[in-house]
>>> print(open('upload-v6.cif').read())   # mmCIF, C-alpha atoms
data_structure
#
loop_
_atom_site.label_atom_id
_atom_site.label_comp_id
_atom_site.auth_asym_id
_atom_site.auth_seq_id
_atom_site.Cartn_x
_atom_site.Cartn_y
_atom_site.Cartn_z
CA MET A 216 -17.61 20.06 -2.19
CA ASP A 217 -15.29 20.60 -5.12
CA TYR A 218 -13.71 23.69 -3.64
CA THR A 219 -13.21 21.86 -0.35
CA LEU A 220 -11.20 19.20 -2.11
CA TYR A 221 -9.11 21.75 -4.03
CA ILE A 222 -8.41 23.78 -0.91
CA ALA A 223 -7.48 20.59 0.96
CA SER A 224 -5.12 19.62 -1.88
CA VAL A 225 -3.37 22.99 -1.79
CA MET A 226 -3.06 22.94 2.00
CA GLY A 227 -1.77 19.38 1.90
CA ALA A 228 0.78 20.35 -0.74
CA ILE A 229 2.05 23.19 1.42
CA ALA A 230 2.19 20.90 4.47
CA VAL A 231 4.16 18.20 2.62
CA TYR A 232 6.47 20.83 1.13
CA LEU A 233 7.21 22.28 4.56
CA MET A 234 8.04 18.80 5.86
CA MET A 235 10.41 17.96 2.99
CA PRO A 236 14.00 17.70 4.15
CA ARG A 237 16.13 20.61 2.99
CA ARG A 238 19.30 22.49 3.71
CA GLY A 239 19.20 24.57 6.84
CA PHE A 240 16.09 24.79 8.98
CA THR A 241 13.20 22.45 8.14
CA PRO A 242 9.89 23.76 9.59
CA ARG A 243 8.71 20.21 10.13
CA LYS A 244 6.50 20.90 13.13
CA ILE A 245 4.66 23.70 11.32
CA GLY A 246 4.14 21.41 8.33
CA ALA A 247 2.91 18.58 10.52
CA LEU A 248 0.50 20.92 12.30
CA LEU A 249 -0.81 22.28 9.00
CA GLY A 250 -1.20 18.77 7.63
CA ALA A 251 -3.04 17.57 10.74
CA VAL A 252 -5.39 20.56 10.64
CA THR A 253 -6.05 20.04 6.93
CA LEU A 254 -6.75 16.35 7.35
CA GLY A 255 -8.96 16.92 10.39
CA ALA A 256 -10.96 19.62 8.63
CA LEU A 257 -11.33 17.48 5.52
CA TRP A 258 -12.54 14.54 7.61
CA LEU A 259 -15.05 16.73 9.45
CA ILE A 260 -16.43 18.17 6.22
CA LEU A 261 -16.61 14.76 4.58
CA ALA A 262 -18.29 13.18 7.59
CA ARG A 263 -20.80 16.01 7.92
CA SER A 264 -21.74 16.54 4.31
CA ALA A 265 -21.63 13.01 3.01
CA GLY A 266 -23.95 11.02 5.25
CA VAL A 267 -21.93 8.01 4.26
CA GLY A 268 -21.64 4.50 5.55
CA ALA A 269 -24.27 2.73 3.48
CA GLY A 270 -23.26 -0.87 3.04
CA MET A 271 -21.03 -0.92 6.11
CA PRO A 272 -21.88 -2.01 9.63
CA GLY A 273 -22.84 0.82 11.93
CA GLY A 274 -19.75 1.61 13.94
CA ALA A 275 -17.31 0.63 11.21
CA TRP A 276 -17.52 4.01 9.61
CA THR A 277 -15.51 5.90 12.22
CA TYR A 278 -12.71 3.37 11.78
CA TYR A 279 -12.36 4.44 8.16
CA TYR A 280 -11.36 7.91 9.28
CA ILE A 281 -8.95 6.58 11.89
CA PHE A 282 -7.18 4.04 9.64
CA SER A 283 -7.13 6.42 6.71
CA ALA A 284 -5.65 9.26 8.74
CA VAL A 285 -2.99 6.93 10.16
CA ALA A 286 -2.14 5.66 6.66
CA ILE A 287 -1.85 9.15 5.17
CA ALA A 288 0.16 10.59 8.07
CA SER A 289 2.55 7.61 8.02
CA ALA A 290 2.90 7.91 4.23
CA VAL A 291 3.93 11.55 4.61
CA ARG A 292 6.47 10.50 7.18
CA VAL A 293 7.83 7.82 4.82
CA ILE A 294 8.65 10.38 2.17
CA THR A 295 9.90 13.11 4.51
CA HIS A 296 12.04 11.22 7.01
CA THR A 297 15.76 11.74 6.62
CA ARG A 298 16.73 8.31 7.93
CA PRO A 299 15.88 5.36 5.65
CA VAL A 300 15.31 2.89 8.49
CA TYR A 301 12.61 5.07 10.00
CA SER A 302 11.06 5.52 6.56
CA ALA A 303 10.80 1.73 6.29
CA LEU A 304 9.26 1.51 9.77
CA TRP A 305 6.69 4.18 8.93
CA PHE A 306 5.88 2.20 5.81
CA VAL A 307 5.03 -0.76 8.04
CA MET A 308 2.55 1.60 9.70
CA VAL A 309 1.06 2.40 6.29
CA VAL A 310 0.67 -1.32 5.62
CA LEU A 311 -0.98 -1.95 8.99
CA ALA A 312 -3.41 0.94 8.53
CA SER A 313 -4.40 -0.17 5.06
CA ALA A 314 -4.85 -3.69 6.41
CA GLY A 315 -7.39 -2.11 8.75
CA LEU A 316 -9.10 -0.57 5.73
CA PHE A 317 -9.21 -4.02 4.13
CA LEU A 318 -10.98 -5.39 7.18
CA LEU A 319 -13.59 -2.66 6.78
CA LEU A 320 -13.98 -3.73 3.15
CA ASP A 321 -14.62 -7.36 4.15
CA ALA A 322 -11.33 -8.46 2.61
CA GLU A 323 -10.03 -10.38 5.60
CA PHE A 324 -7.66 -12.65 3.69
CA MET A 325 -6.07 -9.69 1.94
CA ALA A 326 -5.67 -7.82 5.22
CA PHE A 327 -3.63 -10.62 6.74
CA ALA A 328 -1.76 -11.41 3.53
CA MET A 329 -0.76 -7.75 3.38
CA VAL A 330 0.55 -7.74 6.92
CA ILE A 331 2.43 -11.00 6.47
CA ILE A 332 3.89 -10.42 3.00
CA TYR A 333 4.34 -6.64 2.94
CA GLY A 334 4.88 -5.88 6.58
CA GLY A 335 6.82 -9.08 7.09
CA ALA A 336 8.73 -10.31 4.07
CA ILE A 337 9.17 -7.32 1.77
CA LEU A 338 9.86 -4.76 4.48
CA VAL A 339 12.38 -7.05 6.15
CA THR A 340 14.18 -7.24 2.80
CA TYR A 341 14.22 -3.46 2.61
CA VAL A 342 15.52 -3.11 6.14
CA PHE A 343 18.24 -5.69 5.38
CA VAL A 344 19.40 -3.72 2.36
CA ILE A 345 19.29 -0.45 4.28
CA MET A 346 21.50 -2.03 6.93
CA LEU A 347 23.85 -3.43 4.27
CA ALA A 348 24.19 -0.22 2.32
CA ALA A 349 24.01 2.39 5.04
CA GLN A 350 27.02 4.42 5.92
CA SER A 351 26.11 3.96 9.52
CA SER A 352 26.99 6.87 11.73
CA GLY A 353 25.24 5.73 14.86
CA ALA A 354 24.46 9.29 15.76
CA GLU A 355 20.84 10.14 16.38
CA ASP A 356 20.85 13.64 14.92
CA ASP A 357 19.88 14.32 11.33
CA ALA A 358 23.12 16.09 10.55
CA ALA A 359 24.96 12.75 10.54
CA ALA A 360 22.89 11.40 7.66
CA PRO A 361 24.40 11.60 4.16
CA VAL A 362 23.49 14.66 2.15
CA TYR A 363 21.29 12.77 -0.32
CA ASP A 364 19.01 11.86 2.58
CA ARG A 365 19.00 15.32 4.05
CA VAL A 366 18.14 17.34 0.95
CA ALA A 367 15.15 16.64 -1.25
CA ARG A 368 15.50 16.97 -5.02
CA GLU A 369 13.21 19.61 -6.57
CA PRO A 370 10.64 19.54 -3.72
CA VAL A 371 8.54 22.41 -5.12
CA ALA A 372 8.06 20.89 -8.57
CA GLY A 373 7.54 17.38 -7.21
CA VAL A 374 4.98 18.34 -4.58
CA ALA A 375 3.14 20.71 -6.94
CA THR A 376 2.89 18.08 -9.67
CA GLY A 377 1.81 15.38 -7.25
CA PHE A 378 -0.92 17.39 -5.60
CA LEU A 379 -2.14 18.71 -8.96
CA LEU A 380 -2.63 15.07 -9.92
CA LEU A 381 -4.37 14.48 -6.59
CA ALA A 382 -6.72 17.44 -7.03
CA VAL A 383 -7.74 16.20 -10.48
CA LEU A 384 -8.22 12.65 -9.20
CA LEU A 385 -10.32 13.80 -6.24
CA SER A 386 -12.56 16.03 -8.34
CA VAL A 387 -13.28 12.99 -10.51
CA LEU A 388 -13.71 10.58 -7.60
CA PHE A 389 -16.33 12.72 -5.88
CA GLN A 390 -18.47 13.24 -8.95
CA PRO A 391 -21.97 11.84 -8.51
CA MET A 392 -21.96 8.23 -9.66
CA GLN A 393 -24.62 5.87 -10.87
CA PRO A 394 -26.32 3.97 -8.06
CA ASN A 395 -24.68 0.69 -7.21
CA ASN A 396 -26.75 -2.24 -8.46
CA ALA A 397 -24.33 -5.00 -7.59
CA VAL A 398 -25.80 -8.27 -6.42
CA ALA A 399 -24.00 -10.68 -4.17
CA SER A 400 -22.35 -13.64 -5.84
CA ASP A 401 -24.15 -16.94 -5.64
CA ASP A 402 -22.40 -19.01 -3.02
CA GLN A 403 -24.92 -21.82 -3.22
CA ALA A 404 -23.97 -22.68 -6.80
CA ILE A 405 -20.29 -22.99 -5.90
CA ILE A 406 -21.07 -25.04 -2.83
CA ALA A 407 -23.41 -27.33 -4.76
CA ASN A 408 -21.04 -27.80 -7.70
CA VAL A 409 -17.55 -27.70 -6.24
CA LEU A 410 -17.56 -27.91 -2.48
CA THR A 411 -20.11 -30.63 -1.99
CA GLY A 412 -20.10 -32.23 1.40
CA ARG A 413 -18.40 -29.20 2.91
CA ALA A 414 -20.97 -28.80 5.65
CA GLU A 415 -21.85 -32.33 6.52
CA GLU A 416 -22.32 -33.27 10.12
CA ARG A 417 -20.25 -36.43 9.90
CA LEU A 418 -17.14 -34.47 8.88
CA THR A 419 -17.42 -32.48 12.06
CA GLN A 420 -17.67 -35.61 14.11
CA GLN A 421 -14.60 -37.20 12.52
CA ILE A 422 -12.37 -34.34 13.55
CA ARG A 423 -10.75 -34.77 16.95
CA ASP A 424 -9.12 -31.37 17.38
CA PRO A 425 -11.70 -29.21 19.18
CA LYS A 426 -10.51 -26.01 17.48
CA GLN A 427 -10.94 -27.42 13.99
CA GLN A 428 -14.16 -29.00 15.09
CA LYS A 429 -15.43 -25.55 15.94
CA MET A 430 -14.34 -24.27 12.52
CA TYR A 431 -16.30 -26.97 10.74
CA ALA A 432 -19.21 -26.44 13.10
CA ASP A 433 -19.34 -22.86 11.82
CA ALA A 434 -19.52 -24.19 8.28
CA VAL A 435 -22.37 -26.45 9.32
CA ALA A 436 -24.18 -23.56 10.97
CA LYS A 437 -23.94 -21.46 7.80
CA PRO A 438 -24.06 -24.10 5.07
CA ASP A 439 -24.84 -21.63 2.28
CA ARG A 440 -22.08 -19.11 3.03
CA LEU A 441 -18.46 -19.11 1.94
CA THR A 442 -15.76 -17.32 3.89
CA ASN A 443 -13.70 -14.59 2.27
CA THR A 444 -10.67 -16.90 2.00
CA GLN A 445 -12.74 -19.57 0.29
CA ARG A 446 -14.12 -17.06 -2.18
CA VAL A 447 -10.67 -15.69 -3.04
CA GLY A 448 -9.31 -19.19 -3.44
CA MET A 449 -12.16 -20.27 -5.69
CA ASP A 450 -11.79 -17.16 -7.83
CA LEU A 451 -8.01 -17.46 -8.06
CA PHE A 452 -7.90 -21.11 -9.04
CA ALA A 453 -11.12 -21.39 -11.03
CA LYS A 454 -11.10 -18.13 -12.99
CA HIS A 455 -7.45 -17.08 -13.20
CA PRO A 456 -5.37 -20.22 -13.73
CA LEU A 457 -3.28 -18.58 -16.46
CA GLY A 458 -2.52 -15.58 -14.28
CA LEU A 459 -1.49 -17.91 -11.52
CA GLU A 460 0.95 -19.74 -13.80
CA LEU A 461 2.34 -16.45 -15.09
CA ALA A 462 2.84 -15.22 -11.54
CA GLY A 463 4.83 -18.37 -10.83
CA VAL A 464 6.96 -17.83 -13.93
CA ILE A 465 7.58 -14.19 -12.97
CA LEU A 466 8.67 -15.24 -9.50
CA LEU A 467 11.01 -17.87 -10.97
CA ILE A 468 12.53 -15.38 -13.42
CA SER A 469 13.06 -12.81 -10.70
CA LEU A 470 14.66 -15.50 -8.56
CA VAL A 471 17.10 -16.33 -11.35
CA GLY A 472 17.68 -12.63 -11.97
CA ALA A 473 18.37 -11.94 -8.31
CA VAL A 474 20.90 -14.77 -8.21
CA VAL A 475 22.64 -13.45 -11.35
CA ILE A 476 22.72 -9.93 -9.95
CA ALA A 477 24.03 -11.10 -6.61
CA LYS A 478 26.85 -13.07 -8.22
CA THR A 479 27.99 -10.24 -10.49
CA LYS A 480 31.49 -9.12 -9.62
CA VAL A 481 32.08 -5.39 -9.52
CA GLU A 482 35.13 -3.40 -8.57
CA ALA A 483 34.50 -0.21 -6.68
CA GLU A 484 35.24 2.99 -8.53
CA ALA A 485 36.96 5.90 -6.86
CA ALA A 486 34.96 7.21 -3.97
CA HIS A 487 32.12 9.35 -5.24
CA SER A 488 31.90 12.78 -3.69
CA ALA A 489 28.28 12.85 -2.61
CA MET B 190 -20.08 -8.78 1.80
CA ASP B 191 -23.79 -8.92 1.03
CA THR B 192 -25.11 -5.38 1.15
CA PRO B 193 -23.98 -3.24 -1.77
CA LEU B 194 -21.63 -0.38 -0.97
CA ASP B 195 -22.77 3.20 -1.36
CA THR B 196 -20.87 4.97 -4.13
CA LEU B 197 -20.01 7.83 -1.78
CA THR B 198 -18.43 5.30 0.54
CA LEU B 199 -16.45 4.05 -2.44
CA SER B 200 -15.28 7.61 -3.09
CA HIS B 201 -13.85 7.82 0.40
CA PHE B 202 -11.80 4.66 0.03
CA LEU B 203 -10.64 5.77 -3.40
CA LEU B 204 -9.54 9.04 -1.79
CA THR B 205 -7.27 7.14 0.57
CA GLY B 206 -5.89 5.09 -2.31
CA ALA B 207 -5.29 8.19 -4.42
CA VAL B 208 -3.53 10.00 -1.59
CA LEU B 209 -1.23 7.03 -0.94
CA PHE B 210 -0.45 6.76 -4.65
CA VAL B 211 0.29 10.47 -5.01
CA LEU B 212 2.47 10.55 -1.92
CA GLY B 213 4.38 7.62 -3.42
CA VAL B 214 4.84 9.56 -6.66
CA ILE B 215 6.05 12.63 -4.79
CA GLY B 216 8.47 10.55 -2.77
CA PHE B 217 9.78 8.82 -5.88
CA VAL B 218 10.43 12.17 -7.57
CA THR B 219 11.88 14.11 -4.66
CA ARG B 220 13.94 11.62 -2.68
CA ARG B 221 17.48 10.92 -3.81
CA ASN B 222 18.11 7.72 -1.87
CA LEU B 223 17.62 4.76 -4.21
CA ILE B 224 16.18 2.54 -1.47
CA ILE B 225 13.61 5.14 -0.48
CA MET B 226 12.67 5.60 -4.12
CA PHE B 227 11.81 1.93 -4.39
CA LEU B 228 10.00 2.07 -1.05
CA CYS B 229 7.87 4.80 -2.62
CA THR B 230 6.95 2.51 -5.52
CA GLU B 231 5.72 0.05 -2.90
CA MET B 232 3.60 2.85 -1.49
CA MET B 233 2.09 3.44 -4.93
CA PHE B 234 1.22 -0.28 -5.03
CA GLN B 235 -0.39 0.15 -1.63
CA GLY B 236 -2.65 2.91 -2.91
CA VAL B 237 -3.65 0.84 -5.94
CA VAL B 238 -4.37 -2.15 -3.72
CA VAL B 239 -6.71 -0.13 -1.48
CA SER B 240 -8.59 1.00 -4.59
CA LEU B 241 -8.80 -2.58 -5.87
CA ALA B 242 -10.23 -3.84 -2.59
CA ALA B 243 -12.75 -0.97 -2.56
CA PHE B 244 -13.91 -1.79 -6.08
CA SER B 245 -14.11 -5.45 -5.15
CA ARG B 246 -16.42 -4.51 -2.30
CA LEU B 247 -18.46 -2.19 -4.53
CA HIS B 248 -19.18 -4.84 -7.12
CA LEU B 249 -19.53 -7.61 -4.53
CA HIS B 250 -17.10 -9.48 -6.72
CA VAL B 251 -13.96 -11.10 -5.38
CA THR B 252 -11.77 -10.72 -8.48
CA GLY B 253 -10.53 -7.37 -7.18
CA GLN B 254 -9.04 -9.17 -4.22
CA THR B 255 -7.56 -11.83 -6.46
CA PHE B 256 -5.75 -9.09 -8.35
CA VAL B 257 -4.25 -7.95 -5.06
CA ILE B 258 -2.47 -11.32 -4.94
CA PHE B 259 -0.94 -10.63 -8.35
CA VAL B 260 0.06 -7.13 -7.23
CA LEU B 261 1.76 -8.71 -4.23
CA THR B 262 3.59 -11.12 -6.52
CA ILE B 263 4.86 -8.30 -8.73
CA ALA B 264 5.80 -6.26 -5.66
CA ALA B 265 7.83 -9.13 -4.26
CA ALA B 266 9.60 -9.76 -7.58
CA GLU B 267 10.26 -6.06 -8.02
CA ALA B 268 11.60 -5.69 -4.48
CA ALA B 269 14.00 -8.61 -4.94
CA LEU B 270 15.37 -7.41 -8.28
CA ALA B 271 15.45 -3.71 -7.45
CA LEU B 272 17.18 -4.22 -4.14
CA GLY B 273 19.68 -6.59 -5.78
CA LEU B 274 20.47 -3.89 -8.31
CA VAL B 275 20.72 -1.24 -5.60
CA VAL B 276 23.24 -3.33 -3.69
CA LEU B 277 25.19 -3.85 -6.92
CA LEU B 278 25.25 -0.11 -7.61
CA PHE B 279 26.20 0.59 -4.01
CA ARG B 280 29.16 -1.79 -4.23
CA ARG B 281 30.40 0.05 -7.31
CA LYS B 282 30.07 3.68 -6.15
CA ARG B 283 29.71 3.38 -2.37
CA THR B 284 26.74 5.71 -2.43
CA LEU B 285 22.97 5.38 -2.66
CA ASP B 286 22.56 8.78 -4.31
CA ALA B 287 20.44 8.46 -7.45
CA GLU B 288 22.17 11.47 -8.96
CA ALA B 289 25.51 9.72 -8.84
CA TRP B 290 24.22 7.77 -11.84
CA SER B 291 23.02 10.75 -13.82
CA GLN B 292 25.94 10.27 -16.20
CA MET B 293 24.10 7.18 -17.45
CA SER B 294 21.48 9.39 -19.07
CA GLY B 295 22.07 9.86 -22.77
#
>>> encode(input="upload-v6.cif", output="structure tokens")
Amino acid sequence: MDYTLYIASVMGAIAVYLMMPRRGFTPRKIGALLGAVTLGALWLILARSAGVGAGMPGGAWTYYYIFSAVAIASAVRVITHTRPVYSALWFVMVVLASAGLFLLLDAEFMAFAMVIIYGGAILVTYVFVIMLAAQSSGAEDDAAAPVYDRVAREPVAGVATGFLLLAVLLSVLFQPMQPNNAVASDDQAIIANVLTGRAEERLTQQIRDPKQQKMYADAVAKPDRLTNTQRVGMDLFAKHPLGLELAGVILLISLVGAVVIAKTKVEAEAAHSA
Amino acid sequence: MDTPLDTLTLSHFLLTGAVLFVLGVIGFVTRRNLIIMFLCTEMMFQGVVVSLAAFSRLHLHVTGQTFVIFVLTIAAAEAALALGLVVLLFRRKRTLDAEAWSQMSG
């Protein structure tokens, strides 16, 4: 198992290195092929040897391989694409794939928050800045991109260091671990203490909107279960109030900082020879 | 979220998180475009977030997911400030090349 992971790390390093943009000919297709073969072989070996899937619903397991492969392939494309806009779009793909992984991990709220905040808000900001700051050429070929997009800086050292880190991490991650003795949190206590009356029949009858009525009917049908969103909300507000306040302060400070930065006047220096 | 997760299953999700993180590191080191460098930090966040959600599922404890909210907050603040700075630097030098600022190193 260990050697498999090391070999996969080396192959992946070579694949990413081949795909790195450089002067002259970039053997991107060869790198992509090597990367796909490596990932496919690793998935096959993992799926065969591991006998995994305990704790997940039956068919969900195959989706892990699909979402994970999409996330990794898109991530490689983010760091190897010569055009920033496409990098940003591939990053949206990474976010969507990891949102799929969140669904497999029963983190539904996080999955949708990720798509909305990352894929929506943050990435739109990035694309805006790329549009603002791009020396747009309009041409579709890579040769029109500025040189700092076309040539990677120290690709050998960077890729070697990164995949060395990955090999070490993986050899630790796949060590045998202690069996998992976690017990599910006690929803009944929260419902009895905090959310009393959540599942009462009369609430359902007071609601006119049939859609919301159905939602409350679900709560009535499972009176002792909280949804993922309710659990996250309870944990956030009941156990981390200080963190919540600090997050608000950080957002306020960054808002003020962004305004100050945006209003700073600069005069352009002589054109830099890139 | 009732049956405990097998630790080998956890290892698989941590693998995905580690790969995303490492690819973010590699991108941050090798790319010269300032915007892409900050995009790569977002990818490192993404890897960490996958690991957090996996651990949350392992321990059947929702605090891991709560931390994802804080990560999102920091990511948003960082994106706003970093991109503001990038635009500022771009207005001064008309380039996004990180090496154009190497003279700032002491």
>>> atom_distance(input="upload-v6.cif", atom1="CA of Pro236 in chain A", atom2="CA of Asp364 in chain A")
7.9 Å
>>> residues_around(input="upload-v6.cif", residues="Thr262 in chain B", least_positions_apart="5", cutoff="9 Å", atoms="all atoms listed in the file", output="PyMOL selection string")
(chain A and resi 462-463+465-466) or (chain B and resi 257+267)
>>> write_last_selection(input="upload-v6.cif", atoms="C-alpha atoms", output="compact mmCIF listing (two decimals), in the coordinates of the input")
# COMPACT_ATOMS: atom_id res chain seq x y z
CA ALA A 462 2.84 -15.22 -11.54
CA GLY A 463 4.83 -18.37 -10.83
CA ILE A 465 7.58 -14.19 -12.97
CA LEU A 466 8.67 -15.24 -9.50
CA VAL B 257 -4.25 -7.95 -5.06
CA GLU B 267 10.26 -6.06 -8.02
>>> closest_atom_pairs(input="upload-v6.cif", of="chain A", to="chain B", cutoff="7 Å", atoms="all atoms listed in the file", output="Markdown table")
| residue | atom | partner | partner_atom | distance |
| --- | --- | --- | --- | --- |
| A:Val267 | CA | B:Thr198 | CA | 5.8 |
| A:Gly268 | CA | B:Thr198 | CA | 6.0 |
| A:Ala269 | CA | B:Asp195 | CA | 5.1 |
| A:Gly270 | CA | B:Leu194 | CA | 4.4 |
| A:Ser283 | CA | B:Thr205 | CA | 6.2 |
| A:Ile287 | CA | B:Leu209 | CA | 6.5 |
| A:Ala290 | CA | B:Leu209 | CA | 6.7 |
| A:Val291 | CA | B:Leu212 | CA | 6.8 |
| A:Ile294 | CA | B:Gly216 | CA | 4.9 |
| A:Pro299 | CA | B:Ile225 | CA | 6.5 |
| A:Ser313 | CA | B:Val239 | CA | 6.9 |
| A:Phe317 | CA | B:Ala242 | CA | 6.8 |
| A:Leu320 | CA | B:Arg246 | CA | 6.0 |
| A:Asp321 | CA | B:Met190 | CA | 6.1 |
| A:Met325 | CA | B:Gln254 | CA | 6.9 |
| A:Ile337 | CA | B:Ala265 | CA | 6.4 |
| A:Val344 | CA | B:Leu272 | CA | 6.9 |
| A:Ala348 | CA | B:Phe279 | CA | 6.7 |
| A:Tyr363 | CA | B:Arg221 | CA | 5.5 |
| A:Asp364 | CA | B:Asn222 | CA | 6.1 |
| A:Ala367 | CA | B:Arg220 | CA | 5.4 |
| A:Arg368 | CA | B:Thr219 | CA | 4.6 |
| A:Glu369 | CA | B:Thr219 | CA | 6.0 |
| A:Pro370 | CA | B:Thr219 | CA | 5.6 |
| A:Gly373 | CA | B:Ile215 | CA | 5.5 |
| A:Val374 | CA | B:Ile215 | CA | 5.8 |
| A:Gly377 | CA | B:Val211 | CA | 5.6 |
| A:Leu381 | CA | B:Val211 | CA | 6.3 |
| A:Leu385 | CA | B:Leu204 | CA | 6.6 |
| A:Leu388 | CA | B:Ser200 | CA | 5.6 |
| A:Phe389 | CA | B:Ser200 | CA | 5.9 |
| A:Met392 | CA | B:Thr196 | CA | 6.5 |
| A:Pro394 | CA | B:Thr196 | CA | 6.8 |
| A:Asn395 | CA | B:Thr196 | CA | 6.5 |
| A:Ala397 | CA | B:His248 | CA | 5.2 |
| A:Val398 | CA | B:Leu249 | CA | 6.6 |
| A:Ala399 | CA | B:Leu249 | CA | 5.4 |
| A:Ser400 | CA | B:His250 | CA | 6.8 |
| A:Arg446 | CA | B:Val251 | CA | 6.8 |
| A:Val447 | CA | B:Thr255 | CA | 6.0 |
| A:Asp450 | CA | B:Thr252 | CA | 6.5 |
| A:Leu451 | CA | B:Thr255 | CA | 5.9 |
| A:Ala462 | CA | B:Thr262 | CA | 6.5 |
| A:Leu466 | CA | B:Ala266 | CA | 5.9 |
| A:Ser469 | CA | B:Ala266 | CA | 5.6 |
| A:Gly472 | CA | B:Leu270 | CA | 6.8 |
| A:Ala473 | CA | B:Leu270 | CA | 5.4 |
| A:Ile476 | CA | B:Gly273 | CA | 6.1 |
| A:Ala477 | CA | B:Gly273 | CA | 6.3 |
| A:Val481 | CA | B:Arg281 | CA | 6.1 |
| A:Glu482 | CA | B:Arg281 | CA | 6.0 |
| A:Ala483 | CA | B:Arg281 | CA | 4.2 |
| A:Glu484 | CA | B:Lys282 | CA | 5.7 |
| A:Ala486 | CA | B:Lys282 | CA | 6.4 |
| A:His487 | CA | B:Lys282 | CA | 6.1 |
>>> atom_distance(input="upload-v6.cif", atom1="CA of Asp401 in chain A", atom2="CA of Met271 in chain A")
20.1 Å
>>> atom_distance(input="upload-v6.cif", atom1="CA of Ile281 in chain A", atom2="CA of Thr230 in chain B")
23.9 Å
>>> residues_near_point(input="upload-v6.cif", point="(23.0, 8.1, 4.2)", cutoff="6 Å", atoms="all atoms listed in the file", output="list in words")
Ala349, Gln350, Ala360, Pro361 and Asp364 of chain A
>>> residues_around(input="upload-v6.cif", residues="range 240-252 of chain A", least_positions_apart="3", cutoff="7 Å", atoms="all atoms listed in the file", output="list in words")
Gly227, Ala230, Val231, Leu233, Met234, Pro236, Arg237, Gly255 and Ala256 of chain A
>>> closest_residue(input="upload-v6.cif", among="A:Phe324, A:Leu379, A:Met329, A:Val293", to="Val310 in chain A", atoms="only C-alpha atoms")
A:Met329
>>> axis_aligned_box(input="upload-v6.cif", around="range 346-349 of chain A", padding_each_side="4 Å", output="JSON")
{"center_x": 22.8, "center_y": -0.5, "center_z": 4.6, "size_x": 10.7, "size_y": 13.8, "size_z": 12.6}
>>> closest_residue(input="upload-v6.cif", among="A:Val371, A:Ala312, A:Ala275, A:Val409", to="Ser289 in chain A", atoms="all atoms listed in the file")
A:Ala312
